[in-house]
>>> print(open('start-v7.txt').read())   # compact mmCIF, C-alpha atoms
# COMPACT_ATOMS: atom_id res chain seq x y z
CA MET S 275 -1.74 19.66 20.35
CA SER S 276 -0.03 22.69 21.90
CA ASN S 277 2.61 24.39 19.72
CA GLY S 278 3.45 27.32 21.97
CA PHE S 279 0.86 29.53 20.27
CA SER S 280 -2.38 27.57 20.54
CA THR S 281 -3.99 24.20 21.08
CA VAL S 282 -5.77 22.54 18.19
CA GLU S 283 -7.16 19.06 17.63
CA LEU S 284 -7.20 17.71 14.08
CA ALA S 285 -8.45 14.17 14.67
CA GLU S 286 -10.59 12.79 11.83
CA ARG S 287 -9.38 15.56 9.49
CA LYS S 288 -7.39 14.88 6.33
CA ALA S 289 -4.74 17.36 5.23
CA ILE S 290 -2.70 17.82 2.08
CA VAL S 291 0.65 19.62 2.31
CA THR S 292 2.52 20.78 -0.79
CA GLY S 293 6.26 21.19 -0.66
CA GLY S 294 6.15 18.77 2.25
CA ALA S 295 9.54 17.13 1.76
CA SER S 296 11.43 19.86 3.59
CA GLY S 297 11.27 23.24 5.27
CA ILE S 298 8.00 24.74 6.45
CA GLY S 299 5.98 22.06 4.65
CA LYS S 300 7.76 19.23 6.46
CA ALA S 301 7.44 20.97 9.85
CA ALA S 302 3.74 21.66 9.29
CA ALA S 303 3.07 18.07 8.18
CA ILE S 304 4.69 16.80 11.37
CA ALA S 305 2.71 19.26 13.52
CA MET S 306 -0.59 18.36 11.86
CA ALA S 307 0.05 14.65 12.28
CA GLU S 308 0.90 15.16 15.96
CA ALA S 309 -2.45 16.97 16.32
CA GLY S 310 -4.25 13.91 14.94
CA ALA S 311 -4.66 14.70 11.24
CA GLU S 312 -4.22 12.18 8.47
CA VAL S 313 -1.62 13.91 6.32
CA VAL S 314 -0.87 13.45 2.64
CA VAL S 315 2.61 14.81 1.97
CA THR S 316 3.22 15.98 -1.59
CA ASP S 317 6.33 17.18 -3.39
CA ILE S 318 8.37 16.64 -6.56
CA ASP S 319 11.09 15.24 -4.26
CA GLU S 320 9.83 11.66 -4.05
CA ALA S 321 12.49 10.35 -1.66
CA GLY S 322 12.24 13.30 0.71
CA GLY S 323 8.46 13.42 0.68
CA ALA S 324 8.09 9.69 1.18
CA SER S 325 10.51 9.86 4.10
CA VAL S 326 8.44 12.56 5.83
CA ALA S 327 5.24 10.60 5.21
CA ALA S 328 6.77 7.47 6.73
CA GLU S 329 7.99 9.47 9.73
CA ILE S 330 4.51 10.78 10.55
CA GLY S 331 2.46 7.73 9.56
CA GLY S 332 0.94 9.53 6.59
CA SER S 333 1.09 8.94 2.86
CA PHE S 334 3.02 10.47 -0.02
CA ALA S 335 1.86 11.61 -3.45
CA MET S 336 4.08 12.97 -6.19
CA LEU S 337 2.74 16.39 -7.17
CA ASP S 338 3.94 19.09 -9.51
CA VAL S 339 1.74 21.91 -8.22
CA SER S 340 1.92 23.72 -11.57
CA ASP S 341 0.22 20.81 -13.37
CA PRO S 342 -3.61 20.86 -13.20
CA SER S 343 -3.88 17.20 -14.22
CA ALA S 344 -1.56 16.22 -11.36
CA TRP S 345 -3.85 18.02 -8.93
CA GLU S 346 -6.86 16.18 -10.35
CA ARG S 347 -5.07 12.85 -9.94
CA VAL S 348 -3.99 13.46 -6.34
CA VAL S 349 -7.40 14.71 -5.19
CA ALA S 350 -9.16 11.83 -6.96
CA THR S 351 -6.93 9.19 -5.39
CA ALA S 352 -6.13 10.69 -1.96
CA GLY S 353 -8.90 13.22 -1.27
CA PRO S 354 -11.17 14.81 -0.38
CA PHE S 355 -9.35 17.04 2.08
CA ASP S 356 -10.41 19.06 5.11
CA ILE S 357 -7.16 21.05 5.18
CA ALA S 358 -4.96 22.22 2.30
CA PHE S 359 -1.62 23.80 3.12
CA LEU S 360 -0.54 25.23 -0.25
CA ASN S 361 3.06 25.80 0.65
CA ALA S 362 5.28 24.90 -2.32
CA GLY S 363 7.29 27.84 -3.63
CA ILE S 364 10.55 29.00 -5.15
CA SER S 365 12.48 32.24 -5.55
CA THR S 366 13.92 33.83 -8.68
CA ASN S 367 17.62 33.02 -9.16
CA GLN S 368 17.78 31.62 -5.62
CA GLY S 369 16.62 34.99 -4.31
CA LEU S 370 20.02 36.58 -4.84
CA PRO S 371 20.30 40.29 -5.58
CA PRO S 372 21.72 41.11 -9.03
CA VAL S 373 25.49 41.43 -9.31
CA ASP S 374 25.20 44.17 -11.92
CA GLY S 375 22.22 46.25 -12.97
CA ASP S 376 18.58 45.91 -12.05
CA PRO S 377 16.89 42.62 -11.07
CA ILE S 378 14.58 42.41 -14.13
CA SER S 379 16.56 43.20 -17.30
CA ALA S 380 18.40 39.87 -17.28
CA LEU S 381 15.34 37.81 -16.23
CA THR S 382 14.86 34.91 -18.65
CA ASP S 383 11.47 33.76 -19.91
CA GLU S 384 12.16 30.33 -18.42
CA ALA S 385 12.91 31.69 -14.93
CA TYR S 386 9.85 33.93 -15.06
CA ARG S 387 7.47 31.18 -16.19
CA ARG S 388 8.85 28.75 -13.62
CA ILE S 389 8.32 30.98 -10.59
CA MET S 390 4.89 32.10 -11.77
CA SER S 391 3.75 28.52 -12.38
CA ILE S 392 4.81 27.28 -8.95
CA ASN S 393 4.13 30.27 -6.72
CA LEU S 394 0.87 31.45 -8.30
CA ASP S 395 -0.56 28.67 -10.48
CA GLY S 396 0.22 26.15 -7.76
CA VAL S 397 -1.95 28.02 -5.27
CA VAL S 398 -4.83 28.64 -7.67
CA PHE S 399 -4.83 25.10 -9.08
CA GLY S 400 -4.61 23.70 -5.55
CA ALA S 401 -7.53 25.74 -4.27
CA ARG S 402 -9.58 24.84 -7.33
CA ALA S 403 -8.87 21.15 -6.84
CA VAL S 404 -9.71 20.92 -3.12
CA LEU S 405 -12.69 23.29 -2.93
CA PRO S 406 -15.37 20.94 -4.35
CA GLY S 407 -14.61 18.31 -1.73
CA MET S 408 -14.57 20.87 1.07
CA THR S 409 -17.85 22.32 -0.12
CA GLU S 410 -19.44 18.88 -0.22
CA ARG S 411 -18.23 18.19 3.33
CA GLY S 412 -19.50 21.58 4.49
CA GLY S 413 -16.20 23.21 5.38
CA GLY S 414 -12.45 23.23 5.41
CA ASP S 415 -9.30 25.29 5.71
CA ILE S 416 -7.00 26.54 2.96
CA ILE S 417 -3.72 28.11 4.03
CA ALA S 418 -1.37 29.45 1.34
CA THR S 419 2.23 30.31 2.03
CA ALA S 420 2.89 33.87 0.92
CA SER S 421 5.69 35.87 2.55
CA MET S 422 6.45 39.19 4.18
CA ALA S 423 7.38 39.95 0.55
CA GLY S 424 3.66 39.73 -0.14
CA LEU S 425 3.07 42.66 2.22
CA PHE S 426 6.16 44.81 1.69
CA PRO S 427 8.60 45.47 -1.17
CA ILE S 428 11.51 43.12 -1.83
CA SER S 429 13.83 45.05 -4.13
CA MET S 430 16.30 42.22 -4.72
CA ASP S 431 13.62 39.89 -6.16
CA PRO S 432 10.62 41.82 -7.54
CA VAL S 433 9.15 38.81 -9.33
CA TYR S 434 9.09 36.85 -6.08
CA GLY S 435 7.37 39.87 -4.55
CA LEU S 436 4.92 39.87 -7.45
CA THR S 437 3.95 36.24 -6.87
CA LYS S 438 3.58 36.64 -3.12
CA HIS S 439 1.51 39.81 -3.47
CA GLY S 440 -0.61 37.77 -5.88
CA VAL S 441 -1.09 35.03 -3.28
CA VAL S 442 -2.14 37.63 -0.71
CA GLY S 443 -4.63 39.20 -3.12
CA PHE S 444 -6.05 35.81 -4.02
CA VAL S 445 -6.48 34.87 -0.35
CA ARG S 446 -8.10 38.17 0.59
CA SER S 447 -10.54 37.95 -2.30
CA LEU S 448 -11.42 34.27 -1.99
CA GLY S 449 -11.75 34.66 1.77
CA ASN S 450 -14.09 37.58 1.25
CA TYR S 451 -16.25 35.40 -0.97
CA PHE S 452 -16.66 32.72 1.70
CA GLU S 453 -17.28 35.41 4.33
CA THR S 454 -19.99 37.23 2.40
CA ALA S 455 -21.63 34.83 -0.08
CA GLU S 456 -25.01 33.53 0.96
CA ASN S 457 -25.03 29.81 1.79
CA ALA S 458 -21.27 29.48 1.24
CA ALA S 459 -19.58 26.55 2.94
CA ASP S 460 -17.61 27.14 6.14
CA ILE S 461 -14.25 27.34 4.36
CA CYS S 462 -11.56 29.56 5.87
CA VAL S 463 -8.88 30.92 3.52
CA SER S 464 -5.77 32.57 4.94
CA ALA S 465 -2.14 33.33 4.09
CA LEU S 466 1.06 32.64 5.99
CA CYS S 467 3.57 35.51 5.59
CA PRO S 468 6.92 34.61 7.14
CA ALA S 469 10.14 36.57 6.96
CA PHE S 470 13.36 34.75 6.00
CA THR S 471 13.03 31.15 7.18
CA ASP S 472 15.45 28.22 7.14
CA THR S 473 14.18 26.56 3.95
CA ASN S 474 15.61 25.50 0.59
CA ILE S 475 14.65 28.89 -0.86
CA ILE S 476 17.61 30.27 1.07
CA GLY S 477 20.68 28.82 -0.61
CA ASP S 478 24.22 29.08 0.71
CA GLU S 479 24.97 32.29 -1.21
CA LEU S 480 21.85 34.09 -0.01
CA ARG S 481 22.49 32.87 3.52
CA GLU S 482 25.93 34.48 3.36
CA VAL S 483 24.35 37.74 2.21
CA LEU S 484 21.83 37.63 5.06
CA ASP S 485 24.56 36.84 7.58
CA MET S 486 26.60 39.77 6.29
CA LEU S 487 23.58 42.05 6.70
CA ALA S 488 22.83 40.57 10.16
CA VAL S 489 19.35 39.50 8.98
CA PRO S 490 18.09 36.65 11.22
CA VAL S 491 16.70 33.45 9.70
CA MET S 492 13.81 31.83 11.58
CA PRO S 493 13.59 28.10 12.36
CA VAL S 494 10.84 26.24 10.52
CA ASP S 495 9.26 24.98 13.75
CA HIS S 496 8.45 28.53 14.76
CA VAL S 497 6.63 29.11 11.48
CA SER S 498 4.78 25.78 11.55
CA GLY S 499 3.52 26.71 15.01
CA VAL S 500 1.85 29.73 13.44
CA VAL S 501 0.21 27.45 10.86
CA MET S 502 -1.37 25.51 13.71
CA ARG S 503 -2.56 28.72 15.32
CA MET S 504 -4.13 29.73 12.01
CA LEU S 505 -6.04 26.44 11.96
CA ALA S 506 -7.18 27.03 15.52
CA GLU S 507 -8.29 30.65 15.16
CA ARG S 508 -9.62 30.52 11.56
CA LYS S 509 -9.48 34.23 10.70
CA GLN S 510 -11.10 34.53 7.29
CA GLY S 511 -9.03 36.16 4.54
CA SER S 512 -6.21 36.99 6.96
CA GLN S 513 -2.47 37.35 6.47
CA TRP S 514 -0.42 36.14 9.40
CA ALA S 515 2.92 37.97 9.57
CA VAL S 516 5.79 36.06 11.19
CA GLU S 517 8.97 37.92 12.03
CA PRO S 518 12.02 37.00 14.15
CA GLY S 519 11.79 38.01 17.78
CA ALA S 520 8.16 39.11 17.59
CA ASP S 521 4.79 37.56 18.24
CA PRO S 522 2.97 36.57 15.05
CA TYR S 523 0.21 38.99 14.14
CA VAL S 524 -2.60 39.44 11.65
CA TYR S 525 -1.62 42.17 9.22
CA GLU S 526 -4.04 45.09 9.25
CA TRP S 527 -4.93 46.82 5.98
CA HIS S 528 -6.51 50.23 5.63
CA ALA S 529 -10.29 50.06 5.39
CA PRO S 530 -11.15 49.21 1.77
CA LYS S 531 -12.97 51.73 -0.34
CA THR S 532 -16.16 50.87 -2.15
CA LEU S 533 -15.42 49.28 -5.51
CA GLY S 534 -15.35 52.02 -8.12
CA GLN S 535 -14.86 54.86 -5.62
CA GLN S 536 -12.31 57.43 -6.70
CA SER S 537 -8.98 57.32 -4.89
>>> encode(input="start-v7.txt", output="structure tokens")
Amino acid sequence: MSNGFSTVELAERKAIVTGGASGIGKAAAIAMAEAGAEVVVTDIDEAGGASVAAEIGGSFAMLDVSDPSAWERVVATAGPFDIAFLNAGISTNQGLPPVDGDPISALTDEAYRRIMSINLDGVVFGARAVLPGMTERGGGDIIATASMAGLFPISMDPVYGLTKHGVVGFVRSLGNYFETAENAADICVSALCPAFTDTNIIGDELREVLDMLAVPVMPVDHVSGVVMRMLAERKQGSQWAVEPGADPYVYEWHAPKTLGQQS
């Protein structure tokens, strides 16, 4: 399947997509199915997820990504998987900047625990659940949705930035393991880092703020095309930055120092 960025064939591969009822997850599920993959769409939105699954000839599984037992159930009944797109995510307070004061002082325990459980636990629990099957099959691809906020500061929502930096660090480290460990399976781990995209994370109020600031919002199809390129090129431990009006690119970090070396 050509998506404008690359051509990739996914016949005889099974994929799981979290947050697949809408947004980037829905667009990626459609693109993977068009490329020949058998896709399991997951979400807490049963009606929306089931509708996407029916549209693409796939299947739907209810999944709260923050629940380890739910992951065990889905992998046991629908797996193993060759591709895991760990995409589900939320923002803090709909991503809106604070009306008064700083963005942390009024943060509730509930809001903090919720975003951490979905954005970070959901990725770690997902990787943990799919890796044994991929290892047994000899390979696979794990793509986690981070954000440009995982590469650069986002002052209006530092906790969102925290979770997305965490996803990036997890991907870089896990990818390094599969790149360097002797006899490791051929499993590629990478992170998708889009700028503002037309998803449910952007509510009406935030959209008004972005419009006022003339910040463009990307269509989901553009971002899902990058997901397909990531599956085609398989760059281990990479972060693919996706910005409006620019070609997607692999973010380049400074050469790492030896562990323990003084800064």
>>> residues_around(input="start-v7.txt", residues="Ser325 (chain S)", least_positions_apart="3", cutoff="12 Å", atoms="all atoms listed in the file", output="list in words")
Gly294, Ala295, Ser296, Lys300, Ala303, Ile304, Val315, Thr316, Asp317, Asp319, Glu320, Ala321, Gly322, Ala328, Glu329, Ile330, Gly331, Gly332, Ser333, Phe334 and Ala335 of chain S
>>> residues_around(input="start-v7.txt", residues="Ala309 (chain S)", least_positions_apart="5", cutoff="12 Å", atoms="only C-alpha atoms", output="ChimeraX atom specification")
/S:275-277,280-289,302-304,330,499,502-503,505-506
>>> atom_distance(input="start-v7.txt", atom1="CA of Val339 (chain S)", atom2="CA of Pro468 (chain S)")
20.6 Å
>>> residues_around(input="start-v7.txt", residues="Pro493 (chain S)", least_positions_apart="3", cutoff="10 Å", atoms="only C-alpha atoms", output="PyMOL selection string")
chain S and resi 297-298+301+470-473+490+496-498+518
>>> closest_residue(input="start-v7.txt", among="S:Ala469, S:Val501, S:Gln510, S:Ser391", to="Ala305 (chain S)", atoms="only C-alpha atoms")
S:Val501
>>> residues_near_point(input="start-v7.txt", point="(4.6, 38.9, 5.0)", cutoff="8 Å", atoms="all atoms listed in the file", output="list in words")
Ala420, Ser421, Met422, Ala423, Gly424, Leu425, Phe426, Leu466, Cys467, Pro468, Ala469, Gln513, Trp514, Ala515 and Val516 of chain S
>>> closest_residue(input="start-v7.txt", among="S:Glu346, S:Asp415, S:Asp521, S:Asp338", to="Met504 (chain S)", atoms="all atoms listed in the file")
S:Asp415
>>> residues_around(input="start-v7.txt", residues="Ala385 (chain S)", least_positions_apart="2", cutoff="10 Å", atoms="only C-alpha atoms", output="PyMOL selection string")
chain S and resi 365-367+381-383+387-390+433
>>> closest_residue(input="start-v7.txt", among="S:Cys462, S:Ala362, S:Met492, S:Leu436", to="Gly519 (chain S)", atoms="all atoms listed in the file")
S:Met492
>>> atom_distance(input="start-v7.txt", atom1="CA of Thr454 (chain S)", atom2="CA of Gly412 (chain S)")
15.8 Å
>>> atom_distance(input="start-v7.txt", atom1="CA of Val494 (chain S)", atom2="CA of Trp345 (chain S)")
25.7 Å
>>> residues_around(input="start-v7.txt", residues="Ala352 (chain S)", least_positions_apart="3", cutoff="8 Å", atoms="only C-alpha atoms", output="list in words")
Val314, Val348 and Val349 of chain S
>>> closest_residue(input="start-v7.txt", among="S:Ile416, S:Ala520, S:Ala358, S:Ala344", to="Asp460 (chain S)", atoms="all atoms listed in the file")
S:Ile416
>>> closest_residue(input="start-v7.txt", among="S:Glu526, S:Asp395, S:Asp431, S:Asp341", to="Asp376 (chain S)", atoms="all atoms listed in the file")
S:Asp431
>>> decode(input="start-v7.txt", residues="region 405-435 of chain S", atoms="C-alpha atoms", output="mmCIF file, in the first residue's frame")
data_model
loop_
_atom_site.group_PDB
_atom_site.id
_atom_site.type_symbol
_atom_site.label_atom_id
_atom_site.label_comp_id
_atom_site.auth_asym_id
_atom_site.auth_seq_id
_atom_site.Cartn_x
_atom_site.Cartn_y
_atom_site.Cartn_z
ATOM 1 C CA LEU S 405 6.463 -8.906 23.541
ATOM 2 C CA PRO S 406 6.320 -12.628 24.461
ATOM 3 C CA GLY S 407 4.286 -13.428 21.366
ATOM 4 C CA MET S 408 6.544 -11.348 19.134
ATOM 5 C CA THR S 409 9.610 -13.011 20.600
ATOM 6 C CA GLU S 410 8.143 -16.452 20.003
ATOM 7 C CA ARG S 411 7.369 -15.524 16.390
ATOM 8 C CA GLY S 412 10.865 -14.107 15.933
ATOM 9 C CA GLY S 413 9.988 -10.466 15.383
ATOM 10 C CA GLY S 414 7.503 -7.653 15.361
ATOM 11 C CA ASP S 415 6.959 -3.911 15.471
ATOM 12 C CA ILE S 416 5.929 -1.751 18.414
ATOM 13 C CA ILE S 417 5.042 1.862 17.687
ATOM 14 C CA ALA S 418 4.061 4.130 20.590
ATOM 15 C CA THR S 419 2.392 7.475 20.078
ATOM 16 C CA ALA S 420 4.383 10.137 21.878
ATOM 17 C CA SER S 421 4.227 13.749 20.682
ATOM 18 C CA MET S 422 6.384 16.700 19.754
ATOM 19 C CA ALA S 423 5.778 17.405 23.455
ATOM 20 C CA GLY S 424 8.000 14.396 24.091
ATOM 21 C CA LEU S 425 10.879 16.181 22.365
ATOM 22 C CA PHE S 426 10.311 19.820 23.321
ATOM 23 C CA PRO S 427 8.742 21.695 26.251
ATOM 24 C CA ILE S 428 4.981 22.238 26.425
ATOM 25 C CA SER S 429 4.500 24.921 29.067
ATOM 26 C CA MET S 430 0.701 24.837 29.079
ATOM 27 C CA ASP S 431 0.570 21.127 30.018
ATOM 28 C CA PRO S 432 3.775 19.970 31.758
ATOM 29 C CA VAL S 433 2.291 16.664 32.910
ATOM 30 C CA TYR S 434 1.377 15.774 29.332
ATOM 31 C CA GLY S 435 4.966 16.672 28.440
#
